[in-house]
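For reference, the structure is listed below as structure tokens.
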Amino acid sequence: MTQLYYEDVNVGDDVSPLSKNATSQQLVKYAGASGDYYQIHYDDGFARNNGLPGIIIHGALKNAFLGQLVTDWMGPHGQLKKLSVSYRAMDIPNEDLVCSGTVTDKRVEDGVGIVECEIALHNGAGKATTPGKAIVSLPMWGRTKQ
């Protein structure tokens, strides 16, 4: 994994996109790992009987995808300080999803390089179904991370 440094980042830069395609099997595994057994995430008949188009992806799993987007981008010596998302629409399994972002601010606070990003998960139609924000700290050139 490549390390990103504070000095390498500029406002307006893109966060390297991350493609995802959640399968129904992944949703069952996630339900087991998270303890979220609500049937709309794995029982197609139950989901349809509740007015949904079929099973839907857990909101918290979409949050995790966006967390992966940011942590993959920043590298092993960056720190995720804050991650917040808003669930605006449902996503279904077996659809190509893209997580992406843009750097919106950068500053040095108490000798630490802070970078803010607008992030979002987009569905196959390109609609941002899960927008959010991330704040990370990145190492600065000439300073070693302990």
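Chain labels follow the order of the structure tokens: the first chain is A, the next B, and so on; residue numbering restarts at 1 in every chain, and ligands are counted from 1 in their shown order.
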Distance query Leu4 (chain A) at most 10 Å, only C-alpha atoms, self and fewer than 5 positions along chain excluded, as number ranges by chain: A: 9, 72-78, 138-140
Can you list, as a ChimeraX atom specification, all residues belonging to chain A that DSSP tags as strand (DSSP E)? /A:14-20,79-85,97-109,112-122,128-138
Write the residues you've just listed into a file as a PDB file, in the first residue's frame, and include C-alpha atoms for each of them.
```
ATOM      1  CA  ASP A  14      -9.838  13.165  -6.385  1.00  0.00           C
ATOM      2  CA  VAL A  15      -9.773  10.352  -3.864  1.00  0.00           C
ATOM      3  CA  SER A  16      -8.849   7.217  -5.831  1.00  0.00           C
ATOM      4  CA  PRO A  17     -12.189   5.530  -6.651  1.00  0.00           C
ATOM      5  CA  LEU A  18     -13.124   2.136  -5.238  1.00  0.00           C
ATOM      6  CA  SER A  19     -15.460  -0.235  -7.083  1.00  0.00           C
ATOM      7  CA  LYS A  20     -17.746  -2.566  -5.159  1.00  0.00           C
ATOM      8  CA  GLN A  79      -5.388   8.206  10.456  1.00  0.00           C
ATOM      9  CA  LEU A  80      -9.109   8.362   9.852  1.00  0.00           C
ATOM     10  CA  LYS A  81     -10.283  11.011  12.318  1.00  0.00           C
ATOM     11  CA  LYS A  82     -13.945  11.233  11.334  1.00  0.00           C
ATOM     12  CA  LEU A  83     -16.272   9.486   8.914  1.00  0.00           C
ATOM     13  CA  SER A  84     -19.905  10.499   8.510  1.00  0.00           C
ATOM     14  CA  VAL A  85     -22.433   9.435   5.897  1.00  0.00           C
ATOM     15  CA  LEU A  97     -21.192   0.575  -7.093  1.00  0.00           C
ATOM     16  CA  VAL A  98     -18.457   3.204  -7.084  1.00  0.00           C
ATOM     17  CA  CYS A  99     -17.090   4.961  -4.025  1.00  0.00           C
ATOM     18  CA  SER A 100     -15.353   8.242  -4.796  1.00  0.00           C
ATOM     19  CA  GLY A 101     -14.391  11.513  -3.228  1.00  0.00           C
ATOM     20  CA  THR A 102     -12.771  14.914  -3.535  1.00  0.00           C
ATOM     21  CA  VAL A 103     -10.431  16.818  -1.237  1.00  0.00           C
ATOM     22  CA  THR A 104     -12.282  19.905   0.016  1.00  0.00           C
ATOM     23  CA  ASP A 105      -9.861  21.356   2.595  1.00  0.00           C
ATOM     24  CA  LYS A 106      -6.375  20.916   4.002  1.00  0.00           C
ATOM     25  CA  ARG A 107      -4.609  22.577   6.893  1.00  0.00           C
ATOM     26  CA  VAL A 108      -1.982  22.038   9.549  1.00  0.00           C
ATOM     27  CA  GLU A 109      -3.252  21.847  13.142  1.00  0.00           C
ATOM     28  CA  VAL A 112      -0.486  17.615  12.021  1.00  0.00           C
ATOM     29  CA  GLY A 113      -1.602  17.603   8.375  1.00  0.00           C
ATOM     30  CA  ILE A 114      -5.414  17.480   8.287  1.00  0.00           C
ATOM     31  CA  VAL A 115      -7.337  16.761   5.078  1.00  0.00           C
ATOM     32  CA  GLU A 116     -11.113  16.910   4.626  1.00  0.00           C
ATOM     33  CA  CYS A 117     -12.949  15.106   1.837  1.00  0.00           C
ATOM     34  CA  GLU A 118     -16.457  14.911   0.452  1.00  0.00           C
ATOM     35  CA  ILE A 119     -17.141  11.249  -0.326  1.00  0.00           C
ATOM     36  CA  ALA A 120     -20.043   9.268  -1.779  1.00  0.00           C
ATOM     37  CA  LEU A 121     -21.171   5.836  -2.853  1.00  0.00           C
ATOM     38  CA  HIS A 122     -22.798   5.915  -6.304  1.00  0.00           C
ATOM     39  CA  ALA A 128     -24.940   9.371  -5.066  1.00  0.00           C
ATOM     40  CA  THR A 129     -26.988   7.215  -2.696  1.00  0.00           C
ATOM     41  CA  THR A 130     -24.696   7.573   0.310  1.00  0.00           C
ATOM     42  CA  PRO A 131     -22.887  10.929   0.500  1.00  0.00           C
ATOM     43  CA  GLY A 132     -20.577  11.754   3.362  1.00  0.00           C
ATOM     44  CA  LYS A 133     -17.479  13.426   4.696  1.00  0.00           C
ATOM     45  CA  ALA A 134     -14.153  12.202   5.965  1.00  0.00           C
ATOM     46  CA  ILE A 135     -11.397  13.900   7.942  1.00  0.00           C
ATOM     47  CA  VAL A 136      -7.957  12.316   7.965  1.00  0.00           C
ATOM     48  CA  SER A 137      -4.511  13.159   9.217  1.00  0.00           C
ATOM     49  CA  LEU A 138      -1.614  12.465   6.899  1.00  0.00           C
TER      50      LEU A 138
END
```
Have a look at A:Leu52, A:Ile57, A:Ala47, A:Leu66 and name the one nearest to Ala31 (chain A); count only C-alpha atoms.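 For Ala31 (chain A), the nearest of the given residues is A:Ile57.
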Run DSSP on the backbone and give me the residues of chain A it puts in helix (DSSP H, G or I), as a VMD selection string. chain A and resid 6 to 8 24 to 34 39 to 41 44 to 49 59 to 74
Smallest atom-to-atom distance to Asp36 (chain A): which of A:Gly111, A:Gly67, A:Gly59, A:Gly51, using only C-alpha atoms? A:Gly59
